[in-house]
Amino acid sequence: MKIRPHEIHFFYTLTDQAGEGKITRWTGLIHPDEAARSREFGLEKKRKEFISTRALTRFVLSEFSGIPARKLEFIKNRHGKPELKPGETGLKFSISHSGNMVAFAVALEQNLGIDVEDLRRKVDLKIADRFFTKSEIRRIKTGPGEKRGAADRFLEIWTLKESYIKARGRGLSIPLDQLSFHLDPGGASIRFSETMDDTPEDWIFFSFGLPFSHQAAAALNSPAGTDSQLKIHRCLPFESIEFERSLFHP
């Protein structure tokens with residue numbers, strides 16, 4: 001597969017559609033250390049999620065880089081974010097999972113972050129009072145719909161915030177209430193407090209729904225005004241890739 005600058009390829013797979021036969025096959029195709037770690041999980045759901053994540057990661061990166069999946073080498077930055085060994089490919093990536101979905105995205109040279117959330121999950125709206133800005137809280141509480149509508153709006157903003165902090169690679173050392181998202185029919189844009197060492201014009205965001213009741217967001221460290229594209233693929237690692245649709249910015 002080919003990738004261009006200012007382009008994100010977003011892949012997702014569903015763990016409950018991966019039978020034990022596929023999980024066993026994927027275990028044999030990931031790194032032996034990862035296969036050994038998978039056996040430490042007590043819950044079957046967590047084991048399938050772990051193996052599916054590692055399989056999707058290695059499969060996609062191998063498709064774009066040409067490096068055999070098991071030979072890809074990873075490091076972690078000081079905040080724990082996984083990255084490819086420097087100098088190997090120029091590919092940047094981000095991982096997320098929620099409910100029965102595992103998602104993976106890749107870009108060329110530019111930092112990116114993604115987040116997916118299951119819209120069927122129970123949401124504690126009080127979290128917004130701690131981590132959201134006043135304008136975001138108003139959007140959640142005054143938008144159309146009943147309680148579930150508020151929960152969906154919460155997750156729409158939450159995925160955007162998560163995508164940004166993942167792209168920065170600093171985890172929750174970034175205070176979530178110091179960045180605010182504005183959403184309109186034209187897309188999502190970010191604003192920073194004066195304490196943040198960042199510029200809104202350096203970021204592009206995608207906010208989108210996925211099948212099986214999931215909400216997703218992607219952040220790309222790309223200058224505003226750049227023609228950027230996000231391509232969504234449904235994927236079974238080491239077996240198939242189905243292109244679904246493209247999103248464009250601006």
# chains A, B, ... in the order shown; residues from 1 in each chain; ligands from 1

$ residues_around --residues "Ile51 of chain A" --least-positions-apart "6" --cutoff "9 Å" --atoms "only C-alpha atoms" --output "PyMOL selection string"
chain A and resi 23+26-27+30+34-35+38

$ closest_atom_pairs --of "segment 61-177 of chain A" --to "segment 193-200 of chain A" --cutoff "12 Å" --atoms "only C-alpha atoms" --output "tab-separated table"
residue	atom	partner	partner_atom	distance
A:Thr133	CA	A:Ser193	CA	10.2
A:Tyr164	CA	A:Pro200	CA	11.1
A:Ile165	CA	A:Asp198	CA	11.7
A:Arg168	CA	A:Asp198	CA	10.0
A:Ser173	CA	A:Met196	CA	11.6
A:Ile174	CA	A:Met196	CA	8.6
A:Pro175	CA	A:Met196	CA	9.0
A:Leu176	CA	A:Ser193	CA	10.5
A:Asp177	CA	A:Ser193	CA	8.6

$ atom_distance --atom1 "atom CA of Leu183 of chain A" --atom2 "atom CA of Ser246 of chain A"
19.4 Å

$ closest_atom_pairs --of "segment 165-236 of chain A" --to "segment 119-128 of chain A" --cutoff "12 Å" --atoms "only C-alpha atoms" --output "CSV"
residue,atom,partner,partner_atom,distance
A:Leu176,CA,A:Ala128,CA,9.9
A:Asp177,CA,A:Ala128,CA,9.2
A:Ser180,CA,A:Ala128,CA,11.9
A:Gly209,CA,A:Leu119,CA,9.6
A:Leu210,CA,A:Leu119,CA,10.0
A:Pro211,CA,A:Leu119,CA,10.6
A:Phe212,CA,A:Leu119,CA,8.9
A:Ser213,CA,A:Leu119,CA,5.5
A:His214,CA,A:Leu119,CA,5.3
A:Gln215,CA,A:Leu119,CA,6.5
A:Ala216,CA,A:Leu119,CA,9.9

$ write_last_selection --atoms "C-alpha atoms" --output "PDB file, in the first residue's frame"
ATOM      1  CA  LEU A 176      -7.550  18.416  29.022  1.00  0.00           C
ATOM      2  CA  ASP A 177      -9.274  21.582  30.231  1.00  0.00           C
ATOM      3  CA  SER A 180     -11.179  23.340  23.714  1.00  0.00           C
ATOM      4  CA  GLY A 209     -18.852   7.744  13.136  1.00  0.00           C
ATOM      5  CA  LEU A 210     -18.031   4.099  12.499  1.00  0.00           C
ATOM      6  CA  PRO A 211     -20.239   1.018  12.056  1.00  0.00           C
ATOM      7  CA  PHE A 212     -21.404  -0.911  15.101  1.00  0.00           C
ATOM      8  CA  SER A 213     -22.090   2.222  17.183  1.00  0.00           C
ATOM      9  CA  HIS A 214     -18.612   3.670  17.520  1.00  0.00           C
ATOM     10  CA  GLN A 215     -17.414   7.288  17.488  1.00  0.00           C
ATOM     11  CA  ALA A 216     -13.906   8.113  16.315  1.00  0.00           C
TER      12      ALA A 216
END

$ closest_atom_pairs --of "segment 29-125 of chain A" --to "segment 159-163 of chain A" --cutoff "10 Å" --atoms "only C-alpha atoms" --output "CSV"
residue,atom,partner,partner_atom,distance
A:Ser94,CA,A:Ser163,CA,8.8
A:Ile95,CA,A:Ser163,CA,9.9
A:Ser96,CA,A:Ser163,CA,9.3
A:Leu112,CA,A:Ser163,CA,7.6
A:Gly113,CA,A:Ser163,CA,4.4
A:Ile114,CA,A:Ser163,CA,4.4
A:Asp115,CA,A:Thr159,CA,5.2
A:Val116,CA,A:Thr159,CA,6.4
A:Glu117,CA,A:Thr159,CA,7.0

$ closest_residue --among "A:Ser207, A:Thr89, A:Asn221, A:Thr53" --to "Pro185 of chain A" --atoms "only C-alpha atoms"
A:Ser207

$ residues_around --residues "segment 65-78 of chain A" --least-positions-apart "4" --cutoff "12 Å" --atoms "only C-alpha atoms" --output "VMD selection string"
chain A and resid 1 to 3 26 to 35 54 to 61 82 to 93 106 to 108 166 168 to 171 173 237 to 238

$ select_by_dssp --residues "segment 15-242 of chain A" --states "strand (DSSP E)" --output "JSON, numbers by chain"
{"A": [74, 75, 76, 82, 83, 84, 91, 92, 93, 94, 95, 96, 97, 98, 101, 102, 103, 104, 105, 106, 107, 108, 112, 113, 114, 115, 116, 117, 118, 179, 180, 181, 182, 183, 184, 187, 188, 189, 190, 191, 192, 204, 205, 206, 207, 208, 209, 210, 214, 215, 216, 217, 218, 219, 220, 228, 229, 230, 231, 232, 233, 234, 235, 236, 240, 241, 242]}

$ write_last_selection --atoms "C-alpha atoms" --output "tab-separated table (two decimals), in the first residue's frame"
chain	number	residue	atom	x	y	z
A	74	PHE	CA	9.40	-0.75	18.36
A	75	ILE	CA	10.49	1.60	21.13
A	76	LYS	CA	8.54	3.70	23.64
A	82	PRO	CA	4.99	3.14	21.16
A	83	GLU	CA	6.91	4.18	18.05
A	84	LEU	CA	8.79	2.43	15.28
A	91	LEU	CA	5.81	6.06	9.41
A	92	LYS	CA	3.92	7.40	12.42
A	93	PHE	CA	1.03	5.51	13.96
A	94	SER	CA	-1.60	5.51	16.69
A	95	ILE	CA	-3.71	2.76	18.30
A	96	SER	CA	-7.07	2.73	20.08
A	97	HIS	CA	-9.65	0.20	21.20
A	98	SER	CA	-13.09	0.27	22.79
A	101	MET	CA	-13.31	-2.58	18.12
A	102	VAL	CA	-9.56	-2.24	17.65
A	103	ALA	CA	-8.38	0.69	15.50
A	104	PHE	CA	-5.01	1.62	14.03
A	105	ALA	CA	-3.96	4.61	11.92
A	106	VAL	CA	-0.78	5.48	10.07
A	107	ALA	CA	0.63	8.67	8.51
A	108	LEU	CA	3.89	9.63	6.83
A	112	LEU	CA	-1.01	11.67	14.57
A	113	GLY	CA	-3.37	10.35	17.21
A	114	ILE	CA	-6.68	8.50	17.08
A	115	ASP	CA	-9.37	7.49	19.54
A	116	VAL	CA	-12.45	5.28	19.24
A	117	GLU	CA	-15.25	4.95	21.77
A	118	ASP	CA	-18.23	2.59	21.93
A	179	LEU	CA	-7.70	22.78	25.10
A	180	SER	CA	-11.18	23.34	23.71
A	181	PHE	CA	-12.91	22.00	20.62
A	182	HIS	CA	-15.37	23.84	18.45
A	183	LEU	CA	-17.56	21.70	16.19
A	184	ASP	CA	-19.67	22.85	13.28
A	187	GLY	CA	-15.52	20.11	10.95
A	188	ALA	CA	-13.68	20.37	14.27
A	189	SER	CA	-11.13	22.99	15.31
A	190	ILE	CA	-9.08	23.40	18.47
A	191	ARG	CA	-8.33	26.35	20.75
A	192	PHE	CA	-5.59	26.47	23.39
A	204	ILE	CA	-6.17	19.16	11.45
A	205	PHE	CA	-8.95	17.05	13.01
A	206	PHE	CA	-11.44	14.50	11.74
A	207	SER	CA	-14.50	13.50	13.78
A	208	PHE	CA	-16.56	10.64	12.38
A	209	GLY	CA	-18.85	7.74	13.14
A	210	LEU	CA	-18.03	4.10	12.50
A	214	HIS	CA	-18.61	3.67	17.52
A	215	GLN	CA	-17.41	7.29	17.49
A	216	ALA	CA	-13.91	8.11	16.32
A	217	ALA	CA	-11.55	11.05	15.95
A	218	ALA	CA	-8.14	11.61	14.37
A	219	ALA	CA	-5.61	14.40	14.86
A	220	LEU	CA	-2.84	15.17	12.38
A	228	SER	CA	-5.60	16.40	3.92
A	229	GLN	CA	-7.42	13.12	3.59
A	230	LEU	CA	-8.44	10.30	5.89
A	231	LYS	CA	-9.12	6.89	4.33
A	232	ILE	CA	-11.13	4.36	6.34
A	233	HIS	CA	-10.57	0.63	5.90
A	234	ARG	CA	-12.17	-2.39	7.53
A	235	CYS	CA	-9.46	-4.98	8.01
A	236	LEU	CA	-8.82	-8.57	9.01
A	240	SER	CA	-8.12	-8.72	3.90
A	241	ILE	CA	-8.52	-4.95	3.64
A	242	GLU	CA	-11.82	-3.42	2.56

$ atom_distance --atom1 "atom CA of Glu244 of chain A" --atom2 "atom CA of Glu7 of chain A"
15.5 Å

$ closest_residue --among "A:Lys81, A:Arg37, A:Lys141, A:His249" --to "His6 of chain A" --atoms "only C-alpha atoms"
A:His249

$ atom_distance --atom1 "atom CA of Lys46 of chain A" --atom2 "atom CA of Glu239 of chain A"
21.9 Å

$ select_by_dssp --residues "segment 131-236 of chain A" --states "helix (DSSP H, G or I)" --output "PyMOL selection string"
chain A and resi 131+134-142+147-168+171-173+176-178+200-202

$ write_last_selection --atoms "N, CA and C atoms" --output "short mmCIF file (atom, residue, chain, number, x, y, z; two decimals), in the first residue's frame"
data_model
loop_
_atom_site.label_atom_id
_atom_site.label_comp_id
_atom_site.auth_asym_id
_atom_site.auth_seq_id
_atom_site.Cartn_x
_atom_site.Cartn_y
_atom_site.Cartn_z
N PHE A 131 -12.81 17.90 33.19
CA PHE A 131 -11.83 17.88 32.10
C PHE A 131 -12.23 18.70 30.88
N LYS A 134 -15.75 25.34 29.54
CA LYS A 134 -17.13 25.79 29.72
C LYS A 134 -17.93 25.70 28.42
N SER A 135 -17.31 26.06 27.30
CA SER A 135 -18.03 25.99 26.03
C SER A 135 -18.35 24.55 25.64
N GLU A 136 -17.44 23.64 25.95
CA GLU A 136 -17.71 22.22 25.65
C GLU A 136 -18.83 21.67 26.53
N ILE A 137 -18.84 22.06 27.79
CA ILE A 137 -19.89 21.62 28.70
C ILE A 137 -21.25 22.13 28.22
N ARG A 138 -21.29 23.38 27.76
CA ARG A 138 -22.55 23.92 27.23
C ARG A 138 -23.03 23.12 26.03
N ARG A 139 -22.11 22.74 25.17
CA ARG A 139 -22.49 21.95 23.99
C ARG A 139 -23.11 20.61 24.40
N ILE A 140 -22.53 19.99 25.42
CA ILE A 140 -23.04 18.69 25.88
C ILE A 140 -24.43 18.83 26.49
N LYS A 141 -24.60 19.85 27.32
CA LYS A 141 -25.82 19.95 28.11
C LYS A 141 -26.98 20.63 27.39
N THR A 142 -26.69 21.43 26.37
CA THR A 142 -27.77 22.19 25.73
C THR A 142 -28.09 21.72 24.31
N LYS A 147 -30.87 12.16 27.41
CA LYS A 147 -29.62 11.81 28.10
C LYS A 147 -28.63 11.14 27.17
N ARG A 148 -29.09 10.21 26.31
CA ARG A 148 -28.16 9.53 25.41
C ARG A 148 -27.53 10.51 24.44
N GLY A 149 -28.31 11.52 24.02
CA GLY A 149 -27.75 12.54 23.14
C GLY A 149 -26.61 13.28 23.79
N ALA A 150 -26.74 13.60 25.07
CA ALA A 150 -25.68 14.27 25.81
C ALA A 150 -24.45 13.36 25.92
N ALA A 151 -24.69 12.07 26.15
CA ALA A 151 -23.57 11.12 26.25
C ALA A 151 -22.83 11.02 24.93
N ASP A 152 -23.56 11.01 23.81
CA ASP A 152 -22.90 10.94 22.50
C ASP A 152 -22.09 12.20 22.24
N ARG A 153 -22.61 13.37 22.62
CA ARG A 153 -21.86 14.61 22.44
C ARG A 153 -20.61 14.63 23.32
N PHE A 154 -20.74 14.07 24.52
CA PHE A 154 -19.58 13.94 25.40
C PHE A 154 -18.49 13.12 24.71
N LEU A 155 -18.87 11.97 24.15
CA LEU A 155 -17.87 11.09 23.52
C LEU A 155 -17.31 11.71 22.25
N GLU A 156 -18.10 12.52 21.56
CA GLU A 156 -17.59 13.22 20.38
C GLU A 156 -16.43 14.13 20.77
N ILE A 157 -16.59 14.88 21.85
CA ILE A 157 -15.52 15.77 22.31
C ILE A 157 -14.38 14.98 22.94
N TRP A 158 -14.73 13.95 23.70
CA TRP A 158 -13.69 13.14 24.38
C TRP A 158 -12.74 12.52 23.36
N THR A 159 -13.28 11.96 22.27
CA THR A 159 -12.42 11.33 21.26
C THR A 159 -11.49 12.36 20.62
N LEU A 160 -11.98 13.57 20.41
CA LEU A 160 -11.12 14.61 19.85
C LEU A 160 -9.99 14.97 20.81
N LYS A 161 -10.31 15.12 22.09
CA LYS A 161 -9.27 15.43 23.08
C LYS A 161 -8.24 14.30 23.15
N GLU A 162 -8.72 13.06 23.17
CA GLU A 162 -7.81 11.91 23.24
C GLU A 162 -6.92 11.84 22.00
N SER A 163 -7.50 12.13 20.84
CA SER A 163 -6.69 12.06 19.61
C SER A 163 -5.56 13.09 19.67
N TYR A 164 -5.84 14.26 20.21
CA TYR A 164 -4.81 15.30 20.29
C TYR A 164 -3.69 14.90 21.25
N ILE A 165 -4.04 14.46 22.45
CA ILE A 165 -2.97 14.15 23.41
C ILE A 165 -2.17 12.92 22.96
N LYS A 166 -2.80 12.01 22.22
CA LYS A 166 -2.04 10.87 21.67
C LYS A 166 -1.08 11.35 20.59
N ALA A 167 -1.53 12.30 19.77
CA ALA A 167 -0.64 12.82 18.74
C ALA A 167 0.55 13.54 19.35
N ARG A 168 0.35 14.23 20.44
CA ARG A 168 1.45 14.92 21.12
C ARG A 168 2.38 13.93 21.81
N GLY A 171 0.71 11.87 26.77
CA GLY A 171 -0.28 11.31 27.69
C GLY A 171 -1.04 12.38 28.45
N LEU A 172 -1.49 12.02 29.65
CA LEU A 172 -2.31 12.95 30.44
C LEU A 172 -1.49 14.01 31.17
N SER A 173 -0.20 14.14 30.79
CA SER A 173 0.55 15.30 31.29
C SER A 173 0.02 16.58 30.66
N LEU A 176 -6.48 18.43 30.01
CA LEU A 176 -7.55 18.42 29.02
C LEU A 176 -8.40 19.68 29.03
N ASP A 177 -8.45 20.37 30.18
CA ASP A 177 -9.27 21.58 30.23
C ASP A 177 -8.54 22.81 29.69
N GLN A 178 -7.33 22.62 29.19
CA GLN A 178 -6.58 23.73 28.60
C GLN A 178 -6.66 23.73 27.07
N PRO A 200 -3.13 26.41 17.15
CA PRO A 200 -4.26 25.74 16.49
C PRO A 200 -4.04 25.51 15.00
N GLU A 201 -3.35 26.44 14.34
CA GLU A 201 -3.16 26.34 12.89
C GLU A 201 -2.25 25.17 12.49
N ASP A 202 -1.62 24.53 13.46
CA ASP A 202 -0.73 23.40 13.16
C ASP A 202 -1.44 22.06 13.19
#

$ closest_residue --among "A:Thr13, A:Asn111, A:Phe132, A:Leu247" --to "Glu49 of chain A" --atoms "only C-alpha atoms"
A:Thr13

$ closest_residue --among "A:Ser52, A:Arg130, A:His9, A:Phe243" --to "Lys22 of chain A" --atoms "only C-alpha atoms"
A:Ser52
